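Peer 1: So here's model_26.cif (mmCIF, C-alpha atoms).
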data_target
loop_
_atom_site.label_atom_id
_atom_site.label_comp_id
_atom_site.auth_asym_id
_atom_site.auth_seq_id
_atom_site.Cartn_x
_atom_site.Cartn_y
_atom_site.Cartn_z
CA MET Y 2 -5.56 21.99 -14.41
CA LYS Y 3 -4.23 18.62 -15.50
CA ILE Y 4 -2.70 16.46 -12.76
CA GLY Y 5 -0.67 13.27 -13.03
CA ILE Y 6 -0.10 10.83 -10.16
CA LEU Y 7 3.01 8.66 -9.97
CA THR Y 8 2.70 5.82 -7.49
CA PHE Y 9 2.61 2.02 -7.13
CA HIS Y 10 -0.63 1.08 -8.89
CA HIS Y 11 0.18 -1.99 -11.01
CA VAL Y 12 0.97 -4.34 -8.15
CA ASP Y 13 -0.87 -7.40 -6.86
CA ASN Y 14 -1.56 -5.84 -3.47
CA TYR Y 15 -4.81 -4.53 -1.97
CA GLY Y 16 -3.24 -1.71 0.01
CA ALA Y 17 -1.23 -0.35 -2.91
CA THR Y 18 -4.20 -0.62 -5.26
CA LEU Y 19 -6.56 1.15 -2.87
CA GLN Y 20 -4.17 3.96 -1.94
CA ALA Y 21 -3.77 4.74 -5.65
CA TYR Y 22 -7.53 4.64 -6.12
CA ALA Y 23 -8.16 6.82 -3.05
CA LEU Y 24 -5.77 9.59 -4.09
CA TRP Y 25 -7.19 9.64 -7.62
CA ASN Y 26 -10.78 9.55 -6.32
CA PHE Y 27 -10.29 12.43 -3.90
CA LEU Y 28 -8.68 14.67 -6.52
CA ASN Y 29 -11.33 13.75 -9.07
CA SER Y 30 -14.03 14.69 -6.55
CA GLN Y 31 -12.42 18.13 -6.29
CA GLY Y 32 -13.02 18.67 -10.01
CA TYR Y 33 -9.47 18.17 -11.30
CA ASP Y 34 -8.56 16.45 -14.55
CA VAL Y 35 -6.41 13.76 -12.96
CA GLU Y 36 -4.90 10.48 -14.13
CA ILE Y 37 -2.43 7.91 -12.87
CA ILE Y 38 0.69 7.70 -15.00
CA ASP Y 39 0.80 4.07 -16.11
CA TYR Y 40 4.47 3.53 -15.33
CA ARG Y 41 5.50 -0.07 -14.70
CA PRO Y 42 9.27 -0.50 -14.28
CA LEU Y 43 10.07 -3.62 -16.29
CA LYS Y 44 12.12 -5.26 -13.53
CA ILE Y 45 9.27 -4.89 -11.03
CA ALA Y 46 6.58 -5.79 -13.56
CA TRP Y 47 8.41 -9.08 -14.17
CA ILE Y 48 8.52 -9.85 -10.44
CA TYR Y 49 4.73 -9.51 -10.28
CA PHE Y 50 4.25 -11.39 -13.56
CA ARG Y 51 6.31 -14.45 -12.63
CA PRO Y 52 3.70 -16.02 -10.28
CA LEU Y 53 1.22 -15.96 -13.18
CA LEU Y 54 3.25 -18.50 -15.16
CA PRO Y 55 1.93 -22.10 -15.06
CA ILE Y 56 5.36 -23.70 -14.70
CA LYS Y 57 8.60 -23.13 -12.85
CA ARG Y 58 11.93 -24.41 -14.09
CA VAL Y 59 14.51 -25.60 -11.58
CA ARG Y 60 17.98 -26.18 -12.99
CA PHE Y 61 20.53 -28.64 -11.62
CA SER Y 62 24.12 -28.70 -12.85
CA ILE Y 63 25.99 -32.05 -12.83
CA ASN Y 64 29.74 -31.47 -12.67
CA GLU Y 65 30.82 -34.94 -13.79
CA SER Y 66 29.24 -34.76 -17.21
CA LYS Y 67 29.17 -30.96 -17.36
CA LYS Y 68 25.57 -31.15 -18.42
CA GLU Y 69 22.56 -29.30 -17.15
CA ILE Y 70 19.30 -31.02 -16.35
CA LYS Y 71 16.11 -28.99 -16.34
CA LYS Y 72 13.37 -30.12 -14.03
CA ILE Y 73 9.97 -28.64 -14.75
CA ARG Y 74 7.80 -27.87 -11.74
CA PHE Y 75 4.20 -26.76 -12.05
CA ASN Y 76 2.98 -23.64 -10.29
CA GLU Y 77 -0.13 -25.02 -8.61
CA LYS Y 78 -1.50 -21.60 -7.68
CA TYR Y 79 -1.01 -19.77 -10.94
CA LEU Y 80 -4.76 -19.74 -11.66
CA ILE Y 81 -5.40 -18.10 -8.30
CA TYR Y 82 -2.72 -15.49 -8.97
CA ILE Y 83 -4.07 -14.83 -12.46
CA SER Y 84 -7.58 -14.39 -11.10
CA ARG Y 85 -6.47 -11.95 -8.42
CA ALA Y 86 -4.25 -9.96 -10.80
CA TRP Y 87 -7.09 -9.75 -13.34
CA LYS Y 88 -9.50 -8.49 -10.65
CA MET Y 89 -6.97 -5.87 -9.50
CA ARG Y 90 -6.48 -4.67 -13.05
CA ARG Y 91 -10.21 -4.65 -13.79
CA PHE Y 92 -10.80 -2.63 -10.61
CA LEU Y 93 -8.35 0.06 -11.70
CA LEU Y 94 -9.61 0.18 -15.27
CA SER Y 95 -13.19 0.54 -14.01
CA ASN Y 96 -12.60 3.04 -11.22
CA VAL Y 97 -9.68 5.33 -12.10
CA LYS Y 98 -8.32 7.07 -15.15
CA LEU Y 99 -4.96 5.74 -16.31
CA SER Y 100 -2.72 7.55 -18.79
CA ASN Y 101 -3.17 6.45 -22.39
CA ARG Y 102 0.42 5.39 -22.80
CA LYS Y 103 1.83 2.51 -20.73
CA VAL Y 104 5.60 2.80 -20.14
CA TYR Y 105 8.12 0.33 -18.78
CA ASP Y 106 11.41 2.23 -18.53
CA LYS Y 107 12.80 5.63 -17.59
CA LYS Y 108 13.49 6.60 -21.19
CA ALA Y 109 9.86 6.08 -22.20
CA LEU Y 110 8.68 7.87 -19.04
CA LYS Y 111 10.22 11.10 -20.37
CA TYR Y 112 7.23 11.32 -22.69
CA TYR Y 113 5.35 12.70 -19.69
CA HIS Y 114 7.91 15.40 -18.86
CA ASP Y 115 5.57 18.22 -19.88
CA LYS Y 116 2.14 16.61 -20.22
CA TYR Y 117 0.78 17.86 -16.87
CA ASP Y 118 0.50 21.13 -15.00
CA LEU Y 119 1.29 19.25 -11.80
CA ILE Y 120 2.56 15.79 -10.90
CA ILE Y 121 1.89 14.35 -7.46
CA CYS Y 122 4.37 11.84 -6.19
CA GLY Y 123 2.81 9.35 -3.80
CA SER Y 124 1.48 7.70 -1.79
CA ASP Y 125 2.99 4.41 -0.49
CA GLN Y 126 6.63 3.43 0.00
CA ILE Y 127 7.70 4.90 -3.32
CA TRP Y 128 10.91 6.30 -1.76
CA CYS Y 129 11.98 3.14 0.08
CA LEU Y 130 15.58 2.27 -0.88
CA ASP Y 131 15.72 -1.04 0.97
CA SER Y 132 12.89 -2.96 -0.70
CA PHE Y 133 13.19 -5.37 -3.62
CA ARG Y 134 12.40 -2.44 -5.92
CA GLY Y 135 15.60 -0.62 -4.97
CA TYR Y 136 16.31 3.00 -5.83
CA ASN Y 137 14.46 4.47 -8.80
CA SER Y 138 14.96 8.19 -9.41
CA SER Y 139 11.74 8.29 -11.46
CA PHE Y 140 9.74 8.24 -8.22
CA PHE Y 141 11.54 11.44 -7.26
CA LEU Y 142 10.24 12.91 -10.56
CA ASP Y 143 13.62 13.38 -12.24
CA PHE Y 144 11.92 13.13 -15.67
CA VAL Y 145 9.74 16.20 -15.11
CA ASN Y 146 10.39 19.52 -16.85
CA ASN Y 147 10.68 22.00 -13.97
CA LYS Y 148 9.72 24.93 -16.21
CA THR Y 149 6.36 23.53 -17.29
CA THR Y 150 5.30 21.19 -14.50
CA ARG Y 151 5.17 21.60 -10.74
CA LYS Y 152 6.08 18.76 -8.39
CA ILE Y 153 4.54 17.92 -5.03
CA SER Y 154 4.36 14.77 -2.94
CA TYR Y 155 1.44 13.42 -0.96
CA ALA Y 156 1.97 10.90 1.85
CA ALA Y 157 5.12 9.49 0.25
CA SER Y 158 7.19 7.20 2.45
CA PHE Y 159 10.78 5.99 2.75
CA GLY Y 160 9.44 2.86 4.45
CA ASN Y 161 12.12 1.25 6.62
CA THR Y 162 14.95 3.25 5.00
CA ILE Y 163 16.83 5.14 7.71
CA LYS Y 164 19.72 6.72 5.77
CA LEU Y 165 20.04 7.79 2.14
CA GLY Y 166 23.68 6.64 2.00
CA ASN Y 167 25.23 6.83 -1.46
CA TYR Y 168 22.05 8.39 -2.86
CA HIS Y 169 22.09 11.31 -0.43
CA GLN Y 170 23.24 14.02 -2.84
CA GLU Y 171 21.10 12.93 -5.78
CA ILE Y 172 17.92 12.51 -3.73
CA SER Y 173 18.49 15.75 -1.84
CA THR Y 174 18.85 17.64 -5.12
CA LEU Y 175 15.66 16.12 -6.53
CA ILE Y 176 13.67 16.66 -3.31
CA ASN Y 177 14.59 20.34 -3.31
CA GLN Y 178 12.94 20.71 -6.72
CA PHE Y 179 9.55 19.94 -5.16
CA GLN Y 180 7.26 22.87 -4.45
CA SER Y 181 5.62 21.07 -1.54
CA ILE Y 182 6.35 17.84 0.28
CA SER Y 183 4.18 15.71 2.54
CA VAL Y 184 4.97 12.28 3.94
CA ARG Y 185 2.93 9.77 5.90
CA ASP Y 186 5.29 8.85 8.77
CA SER Y 187 7.75 10.43 11.20
CA ASN Y 188 10.75 8.51 9.85
CA SER Y 189 10.23 9.99 6.38
CA LEU Y 190 9.70 13.43 7.92
CA LYS Y 191 13.06 13.12 9.67
CA ILE Y 192 14.89 12.08 6.50
CA ILE Y 193 13.48 15.01 4.51
CA SER Y 194 14.42 17.45 7.25
CA ASN Y 195 17.82 16.11 8.31
CA GLU Y 196 19.24 14.80 5.04
CA CYS Y 197 17.52 16.96 2.43
CA ASN Y 198 17.23 20.17 4.47
CA LYS Y 199 13.68 20.61 3.21
CA GLU Y 200 10.48 21.35 5.09
CA ALA Y 201 7.81 18.66 4.97
CA VAL Y 202 4.42 17.95 6.51
CA LYS Y 203 3.11 14.64 7.87
CA VAL Y 204 -0.34 13.74 6.50
CA LEU Y 205 -2.64 10.74 6.45
CA ASP Y 206 -2.48 7.97 3.89
CA PRO Y 207 -4.96 8.82 1.08
CA THR Y 208 -7.11 5.81 1.96
CA PHE Y 209 -8.38 7.87 4.90
CA LEU Y 210 -9.63 10.68 2.65
CA ILE Y 211 -12.60 8.93 1.04
CA LYS Y 212 -15.62 6.72 1.88
CA TYR Y 213 -16.08 3.11 0.76
CA ASP Y 214 -19.77 2.30 1.32
CA ALA Y 215 -20.61 2.39 -2.39
CA LEU Y 216 -17.54 0.38 -3.32
CA LYS Y 217 -17.77 -2.68 -1.10
CA SER Y 218 -19.04 -6.10 -2.14
CA LEU Y 219 -20.51 -7.84 0.89
CA PRO Y 220 -19.33 -11.37 1.77
CA LYS Y 221 -21.65 -14.32 1.24
CA THR Y 222 -21.04 -15.93 4.62
CA GLN Y 223 -23.62 -15.35 7.34
CA ASP Y 224 -21.26 -16.44 10.14
CA LYS Y 225 -19.55 -13.99 12.42
CA TYR Y 226 -15.89 -14.14 11.53
CA LEU Y 227 -12.34 -13.23 12.44
CA LEU Y 228 -10.66 -11.82 9.34
CA LEU Y 229 -6.98 -12.52 8.74
CA TYR Y 230 -5.04 -10.28 6.38
CA ILE Y 231 -1.57 -11.73 6.84
CA GLN Y 232 1.08 -11.15 4.19
CA ALA Y 233 4.25 -12.31 5.95
CA ASP Y 234 5.10 -15.37 8.02
CA ILE Y 235 3.93 -15.27 11.62
CA GLU Y 236 5.40 -16.77 14.78
CA PRO Y 237 3.93 -19.76 16.69
CA GLU Y 238 2.81 -17.50 19.56
CA GLU Y 239 0.96 -15.33 17.06
CA GLU Y 240 -0.79 -18.39 15.64
CA ASN Y 241 -1.80 -19.43 19.14
CA PHE Y 242 -3.17 -15.95 19.75
CA ILE Y 243 -5.37 -16.17 16.65
CA LYS Y 244 -6.74 -19.58 17.64
CA LEU Y 245 -7.46 -18.46 21.19
CA LEU Y 246 -9.13 -15.28 19.98
CA ALA Y 247 -11.41 -17.14 17.56
CA LYS Y 248 -12.31 -19.70 20.22
CA GLU Y 249 -13.14 -17.12 22.89
CA LYS Y 250 -15.35 -15.11 20.52
CA ASN Y 251 -16.74 -18.18 18.69
CA LEU Y 252 -15.70 -16.79 15.31
CA THR Y 253 -15.10 -18.50 11.97
CA ILE Y 254 -11.62 -17.66 10.68
CA ILE Y 255 -11.48 -16.22 7.16
CA SER Y 256 -8.16 -15.44 5.46
CA VAL Y 257 -8.09 -13.02 2.54
CA GLY Y 258 -5.34 -12.55 -0.02
CA LYS Y 259 -3.18 -15.45 1.09
CA TYR Y 260 -3.78 -19.05 2.13
CA ASN Y 261 -3.59 -19.57 5.88
CA PRO Y 262 -3.91 -23.07 7.43
CA LEU Y 263 -5.65 -21.58 10.48
CA ALA Y 264 -8.61 -20.42 8.39
CA GLN Y 265 -11.81 -22.34 7.74
CA ILE Y 266 -12.32 -20.17 4.62
CA ASN Y 267 -9.48 -18.97 2.38
CA LEU Y 268 -10.24 -16.26 -0.18
CA GLU Y 269 -6.94 -15.90 -2.00
CA ALA Y 270 -8.34 -14.29 -5.15
CA ALA Y 271 -10.75 -11.74 -3.67
CA SER Y 272 -11.27 -8.54 -5.64
CA PRO Y 273 -10.58 -5.15 -4.03
CA LYS Y 274 -14.33 -4.65 -3.61
CA GLU Y 275 -14.67 -8.06 -1.94
CA TRP Y 276 -11.67 -7.25 0.26
CA ILE Y 277 -13.36 -4.02 1.40
CA GLY Y 278 -16.61 -5.89 1.99
CA LEU Y 279 -14.86 -8.46 4.17
CA TYR Y 280 -13.36 -5.68 6.25
CA SER Y 281 -16.67 -3.89 6.62
CA GLN Y 282 -18.48 -6.95 8.03
CA ALA Y 283 -15.74 -8.56 10.15
CA SER Y 284 -16.28 -9.03 13.88
CA TYR Y 285 -12.54 -8.94 14.52
CA ILE Y 286 -9.45 -8.38 12.38
CA VAL Y 287 -5.86 -9.56 12.76
CA THR Y 288 -3.27 -8.26 10.30
CA ASN Y 289 0.45 -7.66 9.89
CA THR Y 290 0.19 -4.96 7.23
CA TYR Y 291 -0.05 -1.18 7.27
CA HIS Y 292 -3.21 -0.93 5.17
CA GLY Y 293 -4.68 -3.85 7.07
CA ALA Y 294 -4.51 -1.65 10.16
CA VAL Y 295 -5.75 1.40 8.22
CA PHE Y 296 -8.96 -0.26 7.05
CA SER Y 297 -9.58 -1.78 10.48
CA ILE Y 298 -9.64 1.79 11.78
CA ILE Y 299 -11.70 3.13 8.88
CA PHE Y 300 -14.43 0.56 9.58
CA LYS Y 301 -14.04 0.94 13.37
CA LYS Y 302 -13.28 -2.71 13.98
CA LEU Y 303 -11.74 -4.52 16.90
CA PHE Y 304 -8.27 -5.48 15.66
CA ASN Y 305 -4.72 -6.42 16.50
CA VAL Y 306 -1.54 -6.00 14.52
CA PHE Y 307 1.53 -8.20 14.31
CA VAL Y 308 4.32 -5.76 13.45
CA PRO Y 309 7.09 -7.16 11.24
CA ASN Y 310 10.46 -5.41 11.55
CA ASP Y 311 10.25 -3.96 8.05
CA LYS Y 312 6.90 -2.30 8.83
CA SER Y 313 7.55 -1.15 12.38
CA ASN Y 314 8.14 2.50 11.44
CA LYS Y 315 4.92 3.15 9.57
CA VAL Y 316 2.51 0.92 11.51
CA THR Y 317 3.69 1.98 14.96
CA ASP Y 318 3.74 5.62 13.89
CA LEU Y 319 0.12 5.49 12.71
CA LEU Y 320 -1.17 3.69 15.80
CA ASN Y 321 0.74 6.01 18.10
CA ASP Y 322 -0.81 9.09 16.45
CA LEU Y 323 -4.30 7.69 16.99
CA GLY Y 324 -3.75 6.41 20.53
CA LEU Y 325 -3.93 2.77 19.43
CA VAL Y 326 -0.47 1.44 20.23
CA ASN Y 327 -2.06 -1.08 22.60
CA ARG Y 328 -3.46 -2.90 19.53
CA ILE Y 329 0.04 -4.12 18.65
CA PHE Y 330 0.47 -7.79 19.55
CA SER Y 331 2.40 -8.55 22.73
CA ASP Y 332 2.64 -11.47 25.13
CA LYS Y 333 0.24 -9.87 27.61
CA LEU Y 334 -2.64 -9.92 25.10
CA LYS Y 335 -3.28 -13.60 25.82
CA SER Y 336 -4.18 -12.88 29.43
CA GLN Y 337 -6.25 -9.90 28.31
CA ILE Y 338 -8.33 -12.18 26.10
CA LEU Y 339 -9.00 -14.54 28.98
CA ASN Y 340 -9.98 -11.59 31.18
CA ASN Y 341 -12.16 -10.08 28.42
CA GLN Y 342 -10.05 -6.88 28.41
CA ILE Y 343 -9.12 -6.82 24.73
CA PHE Y 344 -12.60 -6.48 23.26
CA ASP Y 345 -12.96 -2.74 23.38
CA ILE Y 346 -11.70 0.30 21.44
CA ASP Y 347 -12.83 3.83 22.26
CA TYR Y 348 -13.58 4.83 18.67
CA GLU Y 349 -15.21 8.04 19.82
CA ALA Y 350 -11.81 9.25 21.01
CA VAL Y 351 -10.07 7.81 17.94
CA SER Y 352 -12.56 9.49 15.59
CA GLU Y 353 -12.02 12.85 17.22
CA ILE Y 354 -8.29 12.67 16.49
CA LEU Y 355 -8.76 11.09 13.07
CA GLU Y 356 -11.36 13.56 11.77
CA SER Y 357 -9.08 16.46 12.67
CA LYS Y 358 -6.19 14.84 10.81
CA ILE Y 359 -8.40 14.10 7.78
CA ILE Y 360 -9.40 17.76 7.55
CA GLU Y 361 -5.75 18.85 7.90
CA SER Y 362 -4.62 16.37 5.23
CA LYS Y 363 -7.33 17.38 2.75
CA ASN Y 364 -6.61 21.07 3.31
CA TYR Y 365 -2.89 20.53 2.84
CA LEU Y 366 -3.36 18.72 -0.46
CA VAL Y 367 -5.83 21.22 -1.91
CA GLU Y 368 -3.74 24.19 -0.82
CA ALA Y 369 -0.55 22.64 -2.22
CA ILE Y 370 -2.28 22.26 -5.59
CA LEU Y 371 -3.77 25.76 -5.55
CA GLN Y 372 -0.52 27.39 -4.43
CA GLY Y 373 0.93 27.08 -7.92
CA VAL Y 374 -2.18 28.64 -9.46
CA VAL Y 375 -1.90 31.61 -7.11
CA ASP Y 376 1.84 31.93 -7.76
CA ASN Y 377 1.32 31.92 -11.54
CA ARG Y 378 -1.33 34.63 -11.31
CA THR Y 379 0.89 36.86 -9.19
#
Rewrite the structure from the file as structure tokens, please.
Peer 2:
Amino acid sequence: MKIGILTFHHVDNYGATLQAYALWNFLNSQGYDVEIIDYRPLKIAWIYFRPLLPIKRVRFSINESKKEIKKIRFNEKYLIYISRAWKMRRFLLSNVKLSNRKVYDKKALKYYHDKYDLIICGSDQIWCLDSFRGYNSSFFLDFVNNKTTRKISYAASFGNTIKLGNYHQEISTLINQFQSISVRDSNSLKIISNECNKEAVKVLDPTFLIKYDALKSLPKTQDKYLLLYIQADIEPEEENFIKLLAKEKNLTIISVGKYNPLAQINLEAASPKEWIGLYSQASYIVTNTYHGAVFSIIFKKLFNVFVPNDKSNKVTDLLNDLGLVNRIFSDKLKSQILNNQIFDIDYEAVSEILESKIIESKNYLVEAILQGVVDNRT
């Protein structure tokens, strides 16, 4: 059986890169001929390419003379961005199988309409309508020939989208062409049920389905450290929390993926393997991302999460399922640090819940794939 995966894989983001790798790796370990469809919507590809340019042009219009003056501004971090993007790309090329043909628009994507027995849609926020990517029907597999290729989703997410709005009818029609649907959060489950009138199952993000010991590159530092994986701006009280935490535990602060003035060490261009290695050896982790929380749990680390409004659905949902809602930052955490109450997580209890969900998620995915084989034979 030949399987294609359609997901976010070409982005400059550790979580997106590793979820794509994890889904491919798990399916490959099950003996399937699987590849990631190398689809890079041109509009989105340009957004990720822009930071790699060495200069920025800022234009000022002068009304009096009706002339335009172009002021050239250098992008001081373009070498860092190039390095990180190259490492992300090298990681994918070395560790997963990508389709031979790279496509940038929906018309070219139709080439893959009958090239697979099954296409899996997911994971990540591929169905989010409110992000900078906007609505793209390709991620609902509208290009697939329903007579030759089955469609399923695995851990797909609508992100912070609450209502389908003007896209309700079109998305509902496409969703009902799927043979099996799984999502990774309760909000997405509700949308599929209420707006698409389709049954769905909630499963774990694919990053939970595999092990990372052979993949990690260990950090060079010998110091015990507090790892920051912060992608969005944080509030002053959150900064104060980080400083107090590092002081109380006598930890060096390391920031990965983005420069942070609080850190003694900034690793902005770490590779995915280095990123995993940093997670595996950290004494404490503070993040404001979904996958930042996921890998904290995978490596059984002490951690806290700052929850931005646009990530509240998925992060809170995950932590609630695992009994870890108390790891979300709140004002009372400062007093808990001073009273030494924050430095403990019962990972025995967490693992009991998590292992059960991992088994359920793996079984769902394998059974969803095999269901079509059984149906064809009967």
Peer 1: List the residues matched by the PyMOL selection byres ((chain Y and resi 31) around 12) in the displayed structure as a CSV table (one decimal) with C-alpha atoms, keeping the file's coordinate frame, ordered by chain and then by residue number.
Peer 2:
chain,number,residue,atom,x,y,z
Y,2,MET,CA,-5.6,22.0,-14.4
Y,4,ILE,CA,-2.7,16.5,-12.8
Y,24,LEU,CA,-5.8,9.6,-4.1
Y,25,TRP,CA,-7.2,9.6,-7.6
Y,26,ASN,CA,-10.8,9.6,-6.3
Y,27,PHE,CA,-10.3,12.4,-3.9
Y,28,LEU,CA,-8.7,14.7,-6.5
Y,29,ASN,CA,-11.3,13.8,-9.1
Y,30,SER,CA,-14.0,14.7,-6.6
Y,32,GLY,CA,-13.0,18.7,-10.0
Y,33,TYR,CA,-9.5,18.2,-11.3
Y,34,ASP,CA,-8.6,16.4,-14.6
Y,35,VAL,CA,-6.4,13.8,-13.0
Y,210,LEU,CA,-9.6,10.7,2.6
Y,211,ILE,CA,-12.6,8.9,1.0
Y,363,LYS,CA,-7.3,17.4,2.8
Y,364,ASN,CA,-6.6,21.1,3.3
Y,366,LEU,CA,-3.4,18.7,-0.5
Y,367,VAL,CA,-5.8,21.2,-1.9
Y,368,GLU,CA,-3.7,24.2,-0.8
Y,370,ILE,CA,-2.3,22.3,-5.6
Y,371,LEU,CA,-3.8,25.8,-5.6
Peer 1: Please enumerate the residues selected by the PyMOL selection byres ((chain Y and resi 351) around 12) when evaluated against the supplied file, formatted as a PDB file with C-alpha atoms, in the frame of the given file.
Peer 2:
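Output file expr_38.pdb is given in full below:
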ATOM      1  CA  ILE Y 298      -9.640   1.790  11.780  1.00  0.00           C
ATOM      2  CA  ILE Y 299     -11.700   3.130   8.880  1.00  0.00           C
ATOM      3  CA  PHE Y 300     -14.430   0.560   9.580  1.00  0.00           C
ATOM      4  CA  LYS Y 301     -14.040   0.940  13.370  1.00  0.00           C
ATOM      5  CA  LYS Y 302     -13.280  -2.710  13.980  1.00  0.00           C
ATOM      6  CA  LEU Y 319       0.120   5.490  12.710  1.00  0.00           C
ATOM      7  CA  LEU Y 320      -1.170   3.690  15.800  1.00  0.00           C
ATOM      8  CA  ASN Y 321       0.740   6.010  18.100  1.00  0.00           C
ATOM      9  CA  ASP Y 322      -0.810   9.090  16.450  1.00  0.00           C
ATOM     10  CA  LEU Y 323      -4.300   7.690  16.990  1.00  0.00           C
ATOM     11  CA  GLY Y 324      -3.750   6.410  20.530  1.00  0.00           C
ATOM     12  CA  LEU Y 325      -3.930   2.770  19.430  1.00  0.00           C
ATOM     13  CA  VAL Y 326      -0.470   1.440  20.230  1.00  0.00           C
ATOM     14  CA  ILE Y 346     -11.700   0.300  21.440  1.00  0.00           C
ATOM     15  CA  ASP Y 347     -12.830   3.830  22.260  1.00  0.00           C
ATOM     16  CA  TYR Y 348     -13.580   4.830  18.670  1.00  0.00           C
ATOM     17  CA  GLU Y 349     -15.210   8.040  19.820  1.00  0.00           C
ATOM     18  CA  ALA Y 350     -11.810   9.250  21.010  1.00  0.00           C
ATOM     19  CA  SER Y 352     -12.560   9.490  15.590  1.00  0.00           C
ATOM     20  CA  GLU Y 353     -12.020  12.850  17.220  1.00  0.00           C
ATOM     21  CA  ILE Y 354      -8.290  12.670  16.490  1.00  0.00           C
ATOM     22  CA  LEU Y 355      -8.760  11.090  13.070  1.00  0.00           C
ATOM     23  CA  GLU Y 356     -11.360  13.560  11.770  1.00  0.00           C
ATOM     24  CA  SER Y 357      -9.080  16.460  12.670  1.00  0.00           C
ATOM     25  CA  LYS Y 358      -6.190  14.840  10.810  1.00  0.00           C
TER      26      LYS Y 358
END
Peer 1: What's the 12 Å shell around Ala21 of chain Y, counting all atoms listed in the file, without same-chain residues fewer than 5 positions away, as a compact mmCIF listing (two decimals) with C-alpha atoms, in the frame of the given file?
Peer 2:
# COMPACT_ATOMS: atom_id res chain seq x y z
CA GLY Y 5 -0.67 13.27 -13.03
CA ILE Y 6 -0.10 10.83 -10.16
CA LEU Y 7 3.01 8.66 -9.97
CA THR Y 8 2.70 5.82 -7.49
CA PHE Y 9 2.61 2.02 -7.13
CA HIS Y 10 -0.63 1.08 -8.89
CA HIS Y 11 0.18 -1.99 -11.01
CA VAL Y 12 0.97 -4.34 -8.15
CA ASN Y 14 -1.56 -5.84 -3.47
CA TYR Y 15 -4.81 -4.53 -1.97
CA GLY Y 16 -3.24 -1.71 0.01
CA ASN Y 26 -10.78 9.55 -6.32
CA PHE Y 27 -10.29 12.43 -3.90
CA LEU Y 28 -8.68 14.67 -6.52
CA VAL Y 35 -6.41 13.76 -12.96
CA GLU Y 36 -4.90 10.48 -14.13
CA ILE Y 37 -2.43 7.91 -12.87
CA ILE Y 38 0.69 7.70 -15.00
CA ASP Y 39 0.80 4.07 -16.11
CA MET Y 89 -6.97 -5.87 -9.50
CA PHE Y 92 -10.80 -2.63 -10.61
CA LEU Y 93 -8.35 0.06 -11.70
CA ASN Y 96 -12.60 3.04 -11.22
CA VAL Y 97 -9.68 5.33 -12.10
CA LYS Y 98 -8.32 7.07 -15.15
CA LEU Y 99 -4.96 5.74 -16.31
CA ILE Y 121 1.89 14.35 -7.46
CA CYS Y 122 4.37 11.84 -6.19
CA GLY Y 123 2.81 9.35 -3.80
CA SER Y 124 1.48 7.70 -1.79
CA ASP Y 125 2.99 4.41 -0.49
CA GLN Y 126 6.63 3.43 0.00
CA ILE Y 127 7.70 4.90 -3.32
CA TYR Y 155 1.44 13.42 -0.96
CA ALA Y 156 1.97 10.90 1.85
CA ALA Y 157 5.12 9.49 0.25
CA ASP Y 206 -2.48 7.97 3.89
CA PRO Y 207 -4.96 8.82 1.08
CA THR Y 208 -7.11 5.81 1.96
CA PHE Y 209 -8.38 7.87 4.90
CA LEU Y 210 -9.63 10.68 2.65
CA ILE Y 211 -12.60 8.93 1.04
Peer 1: When the PyMOL selection byres ((chain Y and resi 171) around 12) is applied to the file above, which residues end up in the set, as a list in words?
Peer 2: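 Applying the expression gives Tyr136, Asn137, Ser138, Ser139, Phe141, Leu142, Asp143, Leu165, Gly166, Asn167, Tyr168, His169, Gln170, Ile172, Ser173, Thr174, Leu175, Ile176, Asn177, Gln178, Glu196 and Cys197 of chain Y.
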Peer 1: Quick check, in Å to one decimal: how far apart do atom CA of Ile255 of chain Y and atom CA of Gly278 of chain Y lie?
Peer 2: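 Taking atom CA of Ile255 of chain Y as the start and atom CA of Gly278 of chain Y as the end point, the length is 12.6 Å.
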Peer 1: Have a look at atom CA of Gln232 of chain Y and atom CA of Pro262 of chain Y and let me know their distance in Å, one decimal.
Peer 2: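 Computed distance, atom CA of Gln232 of chain Y to atom CA of Pro262 of chain Y, equals 13.3 Å.
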Peer 1: Can you work out which one of Y:Arg328, Y:Lys333, Y:Lys103, Y:Lys315 has the shortest atom-to-atom distance to Arg41 of chain Y, counting all atoms listed in the file?
Peer 2: Y:Lys103
Peer 1: Just how far from atom CA of Ala215 of chain Y is atom CA of Asn101 of chain Y, in Å to one decimal?
Peer 2: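 According to the coordinates, atom CA of Asn101 of chain Y and atom CA of Ala215 of chain Y are separated by 26.8 Å.
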Peer 1: Name all residues at most 10 Å from Trp87 of chain Y (count all atoms listed in the file; drop same-chain ones fewer than 6 positions away) and give them as a list in words.
Peer 2: Asp13, Ile81, Ala270 and Ser272 of chain Y
Peer 1: Between Y:Ala369, Y:Ala271, Y:His292, Y:Tyr113, which is the closest to Lys88 of chain Y once you count only C-alpha atoms?
Peer 2: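 Among the listed residues, Y:Ala271 lies closest to Lys88 of chain Y.
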Peer 1: When you look at Gln265 of chain Y with a cut-off of 12 Å (counting all atoms listed in the file), what residues show up, excluding the ones that are within fewer than 6 positions of it in the same chain? I need them as number ranges by chain.
Peer 2: Y: 222, 224, 226-229, 244, 247, 252-257
Peer 1: Counting only C-alpha atoms, which of Y:Val145, Y:Leu216, Y:Val316, Y:Ile193 gets nearest to Ser95 of chain Y?
Peer 2: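 Using only C-alpha atoms, the shortest distance to Ser95 of chain Y belongs to Y:Leu216.
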Peer 1: For Asn305 of chain Y, find every residue with an atom within 8 Å (counting only C-alpha atoms), except residues of its own chain fewer than 6 positions away, and show them as a list of chain:residue names.
Peer 2: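 Within the cut-off, the hits are Y:Ile286, Y:Val287, Y:Thr288, Y:Ala294, Y:Arg328, Y:Ile329, Y:Phe330.
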